[in-house]
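Everything on this sheet refers to the single structure shown next.
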Amino acid sequence: MAEAADFQGMSPSPPRRWLRRTGALLAGAPLLAGLLQLPAAVPAQASSSGDVSVSVDTLTPSAPTDGDTLTVTGTVTNEGKQTVTGAHVGLRLGSLLNTRSAIDNVADNPDDTHAYLGAEVGDKYVQEFAKLAPGASQPFSISVPVDKLDLGQDGVYEFDVSLSGQTAAQPWDQVLGVQRTFLPWQAEEAGTRTKTTYLWPLVSDVHMTAKTGPGEQQTPVFDNDELAKDIAPGGRLAQMVNLGKDLDVTWVIDPDLLASVDAMTRNYRVQSDGDTTTAGTHQAQAKSFLADLQNAVTDREVVALPFADPDLASLAHNGTSVTGSLSHLKDATDVAAITVKTVLHVTPSTDFAWPVEGAVDPSIIKVATSAGADKVIARSDSLQETGGLTYTPSAARPIGGGTTAVIADARLSTAFDGNLRKAGAATLAVQEFLAQSLEVDLQTGKQRSIVVAPQRMPSMSQAQAMAQAVMALQDGTWSESQELTAAAKAKPDPAASTRVPSTSAYPSSLRKKELPRSAFEQIARTQDKLDNFQVVLTKESRVVTPFGRAVNREMSTSWRGRASEAAIFRAGVEVWLDDLTDQVKLIDKSETKLSGRSATIPVTVQNNLVQGVDHLVLRLTSTMPTRLEVGGKAYQEQPVTVSGGHSQSVKFSTSANANGRVTVIAQLYTEDGQEYGAPVSFDVKVTEVTPTVMLVIGGGVLLLVLAGFRMYTQRKRAASRQAEDDGPDEPGETTEASQNPEGPAERLQEESDARLRADDPEQPSDPTPDTASESADPSTTGERVDR
C-alpha cells in the first residue's frame with residue numbers, strides 16, 4: 001500500500017543532540033536544575049536508563065469523543081537497582097501525527113524515554129507513589145475528562161503515560177519510564193467515512209486422519225483431541241465464534257473445519273498409542289459449536305476457502321510440474337460450497353483465493369485462478385505502489401485476464417500479529433490499529449474501500465484484541481463496515497499500481513516454509529493408487545470421497561513450518577490406502593502335484609472389504625508352457641467377482657506335456673490391464689507316465705494276446721478231434737461253441753482290454769488333494785475408510 005506523504009507539521013521528536021546537551025547540563029548542576037522553572041511545554045528530564053517499565057493495560061474509550069471521560073489503567077514496575085522516591089504517574093498529550101510513517105515511528109519505539117514527550121495534562125490527573133522499591137510493581141488508574149486534554153483538530157495524537165521520580169544517584173525529578181501510544185480524535189462524524197472490510201478467519205490445523213473404524217458406518221478417526229479443546233467453551237475457535245457474532249465482518253471459513261466438527265457430532269474415535277483408538281466423547285460440544293456458528297453467520301457474508309485451505313504458493317512453486325496436482329485444487333474448490341451449505345445452511349462465495357500472507361507473484365495468480373476464483377486477496381507489502389501516491393488507494397485492482405486483486409492494507413492486517421497475551425501489548429495494538437485507520441480516512445476527502453486480512457489462525461489474545469478494535473471502528477465516527485464482495489467491486493483507483501511482482505521477489509522467509517516437490521510427488525503416487533483401487537469397487541464413493549478429502553488435507557496451508565508433521569500425515573494416508581488395497585488379495589498356495597496329463601488348479605481370491613469387488617481379472621501364467629499349459633496356452637485369464645467379506649476360488653484347466661517342476665504365477669489385474677496387488681507364485685510338479693513304461697505295458701499286452709491266441713488254436717484243434725470221434729450232433733442239441741460264439745480266446749481278449757483301459761494314464765482331472773476348493777469362510781476384517 002502506498003505510504004502517505006509526510007505532510008508539513010509539528011515534528012514528532014526534537015533533535016537528539018539537544019536532548020543530550022540538556023541532559024549533560026542538568027546532570028552537572030542538579031541544584032541549579034532544581035531552582036530553574038522549565039516552561040510547561042517542555043518535558044521533564046528523561047532518565048538515561050529508563051529503569052521503570054510502564055504498562056498501559058486499558059485505555060477506554062479507545063477513540064473518545066466530546067463529553068467522554070478517558071480512563072487509563074496499568075502497572076509500573078521498578079526494573080532498576082535503586083529505589084524510586086517521590087514518584088507519580090502522569091498523562092501527557094504529545095504531537096499531532098500527520099502521517100502513517102509518523103505513527104510507525106512511535107509504534108516502533110513505545111518506551112523511548114528520550115523521545116519528545118508532551119507536558120503533563122495537570123496535577124489533578126496523576127497517581128503518586130511515595131516510593132517504588134527495586135522489583136516492585138504498583139497498579140495505577142487515572143481518569144480525565146476529554147475536554148481537559150485541550151485536543152485541537154481531528155487526527156491522531158501521541159498519548160504518553162509516564163512515571164517520574166528520583167533516585168539516590170539522580171536526586172531530581174525526571175521521567176524514569178514511559179509508554180507511548182495513540183489517541184485517535186474525531187470530534188464529529190466524518191464527512192466521508194472509509195469503507196472497511198475486516199476478514200474474520202475461521203481456520204484450523206488438520207485433525208482428521210485418513211483412517212476410519214471397521215464396518216459400514218465408516219467411523220472417522222482423529223489424530224488427537226486438540227480440536228475438541230478449540231471448540232469447547234473458552235477454546236480458541238469457540239472464542240472466535242463468540243467474538244465474531246457481534247461484529248460486522250466477513251467470515252472466511254475452511255470447509256475442512258466444518259466437516260471435522262460435523263464428524264464429531266456423531267460417533268468418532270481418537271488415535272492413541274500405536275494403532276489403537278479410543279471413543280470420542282465431545283459430541284455435545286461439537287453440536288453446540290456448530291449451532292453457535294450458524295447463529296453467528298446469519299445475515300453475514302461467508303467466503304469459503306477451498307477444502308482444507310490448500311497452500312497456493314507451494315502448489316505454484318513446487319507442484320505444478322507434478323502431473324495432476326492442479327486437479328486437487330479444483331476438487332477442493334468444488335466441494336467447498338457444498339460443505340458449507342450442508343453444515344451451516346448458508347450459501348458461501350467461492351470467488352476468492354487467499355495466498356499465505358497475501359504474497360503473490362505471476363505463478364501464484366495463475367494457480368489461484370485455475371480452479372475458478374477470479375479474485376485474489378493480496379497484501380500491500382507484496383503488490384506495492386510504485387507511482388508515488390500520497391494516500392492509500394482502494395483495495396480493488398484489475399491485474400489482467402479478468403482477475404481482480406483485492407489488496408489488504410499491510411499495516412492494519414499485521415497490527416495483531418505479535419504476542420498479545422499481556423494486556424499492555426494488546427492495548428497498544430488496538431490503539432495503533434485505530435490510529436492507522438483514522439489516518440487513512442484523513443488523507444483525502446474521497447471515500448475509499450480498505451480491506452483488512454489478519455493472520456489465518458489468531459490466538460485467543462489476538463482475537464480478543466481484534467474484536468476490540470473492530471468494535472471501536474463500528475462505534476467510531478470515521479469508518480463504516482463493508483462486505484468483501486462489495487470491496488472487490490468498488491471502482492479501482494486509476495493511479496494505483498496493478499503490476500504483480502516477479503517470482504524472484506517472493507519473500508524467501510515464506511518460500512522456506514513451502515511444501516517441497518517431493519510432497520506433491522507423494523500425493524500423485526497416492527492418487528494413482530486410489531485410481532487403480534476404485535475401479536474394482538462396487539461402491540467406490542465409500543473410498544474415493546474420504547481419500548479425496550485426505551489428499552486435499554495433505555496440501556493444507558496449515559502444514560507451513562511443520563514439515564515433519566506434514567510428512568507423517570502424507571505417509572499415513574498412503575499406508576492406509578495400501579492396507580485397504582491389500583484387503584483384496586490372492587491366497588498363498590503351496591506346491592501342487594499333477595500325476596496325469598491334465599488337471600484343474602484352483603486359485604483363491606480373498607476380499608476382506610465390507611463391499612464387493614468386481615472388474616478384476618485373474619491371470620494364471622506358466623513359466624514353462626512347453627512342459628505345462630494353462631488353458632491350452634502359456635496363460636489363461638478369468639473374470640473375478642467377490643462379495644464383501646468372502647473368498648472365491650477360480651479354477652484353471654492345465655495339461656502336461658512332460659514331467660518335472662513348473663513355476664506358475666497368479667496375478668490380479670484390473671480390466672484396463674493394470675496390475676492389482678502382489679502376485680502369488682507356486683510350483684506344479686508333473687509326474688506324467690513315461691514312454692519306457694508305456695513300452696513295458698505294451699509288451700505285456702502283446703504277450704497276453706499271443707497266449708490267448710495259442711490257447712484258442714489248441715482248443716479248436718481239440719474240439720475238431722472230438723467231433724470226429726463222436727460223429728454228427730443230434731438234432732436240437734447245441735454245442736458250447738454254438739451257444740457262445742465267442743470262445744475262450746475272445747473272452748481273454750476282452751479281459752485284457754479291460755485291464756488296459758483301467759491302466760490308461762489319461763485322467764479327467766487331477767487327484768483329489770490337488771483340486772479341492774479352498775476355504776470360502778468370510779473374513780473378519782471389514783473395510784475401513786475415512787469420512
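So you can find residues: chains in the C-alpha cells are A, B, ... in the order shown, residues in each start at 1, and ligands are numbered from 1 in order.
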
What are the closest atom pairs, with distances in Å to one decimal, for each residue of segment 247-281 of chain A lying within 7 Å of segment 206-230 of chain A, using only C-alpha atoms, rows by chain and rising residue number, as JSON lines?
```
{"residue": "A:Ser260", "atom": "CA", "partner": "A:Met208", "partner_atom": "CA", "distance": 6.6}
{"residue": "A:Asn267", "atom": "CA", "partner": "A:Thr219", "partner_atom": "CA", "distance": 6.3}
{"residue": "A:Tyr268", "atom": "CA", "partner": "A:Pro220", "partner_atom": "CA", "distance": 5.1}
{"residue": "A:Arg269", "atom": "CA", "partner": "A:Val221", "partner_atom": "CA", "distance": 4.7}
{"residue": "A:Val270", "atom": "CA", "partner": "A:Phe222", "partner_atom": "CA", "distance": 4.7}
{"residue": "A:Gln271", "atom": "CA", "partner": "A:Asp223", "partner_atom": "CA", "distance": 5.2}
```

Report task. Please provide as a PyMOL selection string all residues within 8 Å of segment 438-440 of chain A, with the sequence filter that same-chain residues fewer than 3 positions apart are discarded (counting only C-alpha atoms). Result -> chain A and resi 98-100+155-156+184+194+391-392+434-435+443-444+478

Could you write out the selected residues, including N, CA and C atoms, as a PDB file, in the first residue's frame?
```pdb
ATOM      1  N   ASN A  98       0.729  13.484  11.634  1.00  0.00           N
ATOM      2  CA  ASN A  98       0.044  13.758  10.388  1.00  0.00           C
ATOM      3  C   ASN A  98       0.262  12.705   9.307  1.00  0.00           C
ATOM      4  N   THR A  99       1.085  11.708   9.549  1.00  0.00           N
ATOM      5  CA  THR A  99       1.362  10.704   8.526  1.00  0.00           C
ATOM      6  C   THR A  99       1.354   9.315   9.147  1.00  0.00           C
ATOM      7  N   ARG A 100       1.186   8.321   8.283  1.00  0.00           N
ATOM      8  CA  ARG A 100       1.217   6.933   8.741  1.00  0.00           C
ATOM      9  C   ARG A 100       2.633   6.535   9.178  1.00  0.00           C
ATOM     10  N   GLY A 155      -7.580  14.159  14.338  1.00  0.00           N
ATOM     11  CA  GLY A 155      -6.368  13.475  13.924  1.00  0.00           C
ATOM     12  C   GLY A 155      -5.881  12.516  14.995  1.00  0.00           C
ATOM     13  N   VAL A 156      -4.681  12.034  14.798  1.00  0.00           N
ATOM     14  CA  VAL A 156      -4.065  11.069  15.711  1.00  0.00           C
ATOM     15  C   VAL A 156      -3.015  11.793  16.543  1.00  0.00           C
ATOM     16  N   PRO A 184      -6.737   8.442  18.991  1.00  0.00           N
ATOM     17  CA  PRO A 184      -7.459   8.914  17.799  1.00  0.00           C
ATOM     18  C   PRO A 184      -8.559   9.893  18.225  1.00  0.00           C
ATOM     19  N   THR A 194     -14.497   6.037   5.638  1.00  0.00           N
ATOM     20  CA  THR A 194     -13.799   4.956   4.939  1.00  0.00           C
ATOM     21  C   THR A 194     -14.610   3.673   5.068  1.00  0.00           C
ATOM     22  N   TYR A 391      -1.391   8.816  -0.676  1.00  0.00           N
ATOM     23  CA  TYR A 391      -2.528   8.318   0.096  1.00  0.00           C
ATOM     24  C   TYR A 391      -2.655   6.814  -0.169  1.00  0.00           C
ATOM     25  N   THR A 392      -3.473   6.181   0.618  1.00  0.00           N
ATOM     26  CA  THR A 392      -3.731   4.746   0.481  1.00  0.00           C
ATOM     27  C   THR A 392      -4.912   4.554  -0.464  1.00  0.00           C
ATOM     28  N   LEU A 434      -6.325   1.613  15.400  1.00  0.00           N
ATOM     29  CA  LEU A 434      -7.284   2.709  15.252  1.00  0.00           C
ATOM     30  C   LEU A 434      -6.609   3.962  14.718  1.00  0.00           C
ATOM     31  N   ALA A 435      -5.379   4.214  15.168  1.00  0.00           N
ATOM     32  CA  ALA A 435      -4.652   5.388  14.687  1.00  0.00           C
ATOM     33  C   ALA A 435      -4.403   5.293  13.185  1.00  0.00           C
ATOM     34  N   GLN A 443      -6.587  11.204   4.925  1.00  0.00           N
ATOM     35  CA  GLN A 443      -5.651  11.502   3.850  1.00  0.00           C
ATOM     36  C   GLN A 443      -6.291  12.274   2.704  1.00  0.00           C
ATOM     37  N   THR A 444      -7.489  11.903   2.338  1.00  0.00           N
ATOM     38  CA  THR A 444      -8.170  12.573   1.216  1.00  0.00           C
ATOM     39  C   THR A 444      -9.613  12.842   1.604  1.00  0.00           C
ATOM     40  N   TRP A 478     -15.399   7.562  11.852  1.00  0.00           N
ATOM     41  CA  TRP A 478     -14.709   7.746  10.569  1.00  0.00           C
ATOM     42  C   TRP A 478     -14.733   6.507   9.668  1.00  0.00           C
TER      43      TRP A 478
END
```

Report task. May I have all residues of segment 295-413 of chain A that DSSP, computed from the backbone, assigns to alpha helix (DSSP H), given as JSON, numbers by chain? Result -> {"A": [295, 296, 312, 313, 314, 325, 326, 327, 328, 329, 330, 331, 332, 333, 334, 335, 336, 337, 338, 339, 340, 341, 342, 343, 344, 362, 363, 364, 365, 366, 367, 368, 410, 411, 412, 413]}

Query raised in the report: Of the candidates A:Glu301, A:Asp160, A:Asp493, A:Asp311, which shows the shortest atom-to-atom distance to Ala396 of chain A, using only C-alpha atoms?
Result: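 Checking each candidate against Ala396 of chain A, we get A:Asp493 as the closest.
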
Compile a residue-level contact table for segment 295-349 of chain A against segment 359-367 of chain A at a cut-off of 12 Å, reporting for every qualifying residue the shortest atom pair and its distance in Å to one decimal, with only C-alpha atoms counted, rows ordered by chain and ascending number, as a tab-separated table.
```
residue	atom	partner	partner_atom	distance
A:Pro310	CA	A:Val367	CA	10.9
A:Asp311	CA	A:Ile364	CA	9.9
A:Leu312	CA	A:Ile364	CA	6.3
A:Ala313	CA	A:Ile364	CA	5.6
A:Ser314	CA	A:Ile364	CA	8.7
A:Leu315	CA	A:Val367	CA	7.5
A:Ala316	CA	A:Ile364	CA	5.3
A:His317	CA	A:Ser363	CA	7.2
A:Asn318	CA	A:Ser363	CA	10.5
A:Gly319	CA	A:Val367	CA	10.0
A:Thr320	CA	A:Val367	CA	8.3
A:Ser321	CA	A:Ser363	CA	11.9
A:Ser325	CA	A:Val367	CA	10.4
A:Leu326	CA	A:Val367	CA	7.6
A:Ser327	CA	A:Val367	CA	10.8
A:His328	CA	A:Val367	CA	11.5
A:Leu329	CA	A:Val367	CA	8.7
A:Lys330	CA	A:Val367	CA	10.2
```

Print the selection's residues with C-alpha atoms to a file, as an mmCIF file, in the first residue's frame.
```
data_model
loop_
_atom_site.group_PDB
_atom_site.id
_atom_site.type_symbol
_atom_site.label_atom_id
_atom_site.label_comp_id
_atom_site.auth_asym_id
_atom_site.auth_seq_id
_atom_site.Cartn_x
_atom_site.Cartn_y
_atom_site.Cartn_z
ATOM 1 C CA PRO A 310 -4.563 -25.559 0.031
ATOM 2 C CA ASP A 311 -1.180 -23.817 0.027
ATOM 3 C CA LEU A 312 -1.406 -21.916 -3.262
ATOM 4 C CA ALA A 313 2.194 -20.689 -3.196
ATOM 5 C CA SER A 314 3.602 -24.181 -2.578
ATOM 6 C CA LEU A 315 1.441 -25.537 -5.374
ATOM 7 C CA ALA A 316 2.543 -22.760 -7.750
ATOM 8 C CA HIS A 317 6.258 -23.046 -6.983
ATOM 9 C CA ASN A 318 6.671 -26.796 -6.423
ATOM 10 C CA GLY A 319 3.551 -28.640 -7.507
ATOM 11 C CA THR A 320 2.542 -27.593 -10.998
ATOM 12 C CA SER A 321 5.290 -29.670 -12.611
ATOM 13 C CA SER A 325 -1.579 -31.500 -8.763
ATOM 14 C CA LEU A 326 -3.862 -28.756 -10.053
ATOM 15 C CA SER A 327 -6.786 -31.159 -10.270
ATOM 16 C CA HIS A 328 -6.751 -31.456 -6.474
ATOM 17 C CA LEU A 329 -7.261 -27.698 -6.146
ATOM 18 C CA LYS A 330 -10.273 -27.934 -8.466
#
```

Query - Shell around Ser655 of chain A at 9 Å using only C-alpha atoms, local window under 4 positions removed, as a list in words - result: Gly596, Arg597, Ser598, Ala599, Thr600, Arg627, Leu628, Glu629, Val630, Gly631 and Gly632 of chain A

Query raised in the report: Suppose you want the space between atom CA of Gln606 of chain A and atom CA of Gln648 of chain A; what is it in Å?
Result: 6.5 Å

Query raised in the report: In Å, with one decimal, what is the gap from atom CA of Asp173 of chain A to atom CA of His88 of chain A?
Result: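 According to the coordinates, atom CA of Asp173 of chain A and atom CA of His88 of chain A are separated by 10.1 Å.
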
Requested in this report: List every residue of segment 592-637 of chain A that DSSP, applied to the backbone of this structure, assigns to strand (DSSP E or B), and report them as a PyMOL selection string.
Outcome: chain A and resi 592-594+598-607+613-622+628-630+633+635-637

Report task. For segment 254-258 of chain A, please output as a ChimeraX atom specification all residues within 7 Å (counting only C-alpha atoms; exclusion window: fewer than 6 positions along the same chain). Result -> /A:202-204,304-309,336,339-340,343

Report task. Please identify all polymer residues within 7 Å of Ala408 of chain A, counting only C-alpha atoms, omitting same-chain residues fewer than 6 positions from it, and present them as a VMD selection string. Result -> chain A and resid 377 to 380 395 450 to 453

Could those selected residues go to a file with C-alpha atoms, as a CSV table (one decimal), in the first residue's frame?
```
chain,number,residue,atom,x,y,z
A,377,ILE,CA,-6.6,-11.4,-1.7
A,378,ALA,CA,-3.1,-10.0,-1.8
A,379,ARG,CA,-1.4,-7.6,0.6
A,380,SER,CA,0.1,-4.2,0.1
A,395,ALA,CA,-8.3,-2.3,-2.4
A,450,ILE,CA,-10.0,-0.7,2.7
A,451,VAL,CA,-9.6,-4.4,3.4
A,452,VAL,CA,-8.0,-5.9,6.5
A,453,ALA,CA,-6.8,-9.6,6.2
```

Query - Polymer residues at most 6 Å from segment 134-138 of chain A, only C-alpha atoms, same-chain spacing of 6 or more positions, as an MDAnalysis selection string - result: chainID A and resid 75:83

Query - Nearest candidate to Arg562 of chain A (options A:Lys512, A:Arg542, A:Lys585, A:His114; using only C-alpha atoms) - result: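 Nearest to Arg562 of chain A: A:Lys512.
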
Write out as a JSON list (two decimals) with N, CA and C atoms, in the first residue's frame which residues come within 7 Å of segment 236-242 of chain A when counting only C-alpha atoms, dropping same-chain ones fewer than 6 positions away.
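The resulting file, selection-v1.json, is shown below:
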```
[["chain", "number", "residue", "atom", "x", "y", "z"],
["A", 230, "ASP", "N", -10.34, -26.77, 21.14],
["A", 230, "ASP", "CA", -10.52, -25.49, 20.47],
["A", 230, "ASP", "C", -11.99, -25.10, 20.36],
["A", 289, "PHE", "N", -21.08, -26.02, 19.24],
["A", 289, "PHE", "CA", -20.23, -25.12, 18.45],
["A", 289, "PHE", "C", -20.88, -24.81, 17.10],
["A", 293, "LEU", "N", -22.14, -21.22, 15.65],
["A", 293, "LEU", "CA", -21.60, -20.69, 14.40],
["A", 293, "LEU", "C", -22.71, -20.39, 13.40],
["A", 296, "ALA", "N", -24.08, -17.17, 14.36],
["A", 296, "ALA", "CA", -23.15, -16.06, 14.16],
["A", 296, "ALA", "C", -23.10, -15.61, 12.71],
["A", 459, "SER", "N", -4.44, -16.26, 17.78],
["A", 459, "SER", "CA", -4.57, -16.84, 19.11],
["A", 459, "SER", "C", -5.76, -16.20, 19.82],
["A", 460, "MET", "N", -6.10, -16.71, 21.00],
["A", 460, "MET", "CA", -7.23, -16.14, 21.74],
["A", 460, "MET", "C", -6.98, -14.68, 22.10],
["A", 463, "ALA", "N", -7.28, -12.61, 18.96],
["A", 463, "ALA", "CA", -8.68, -12.48, 18.56],
["A", 463, "ALA", "C", -9.42, -11.47, 19.43]]
```

Report summary line: Here atom CA of Leu344 of chain A and atom CA of Gly234 of chain A stand apart by 21.4 Å

Query - Using only C-alpha atoms: which of A:Asp417, A:Asp51, A:Glu128, A:Asp351 has the shortest distance to Lys375 of chain A - result: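 Answer, going by the shortest atom-to-atom distance: A:Asp351.
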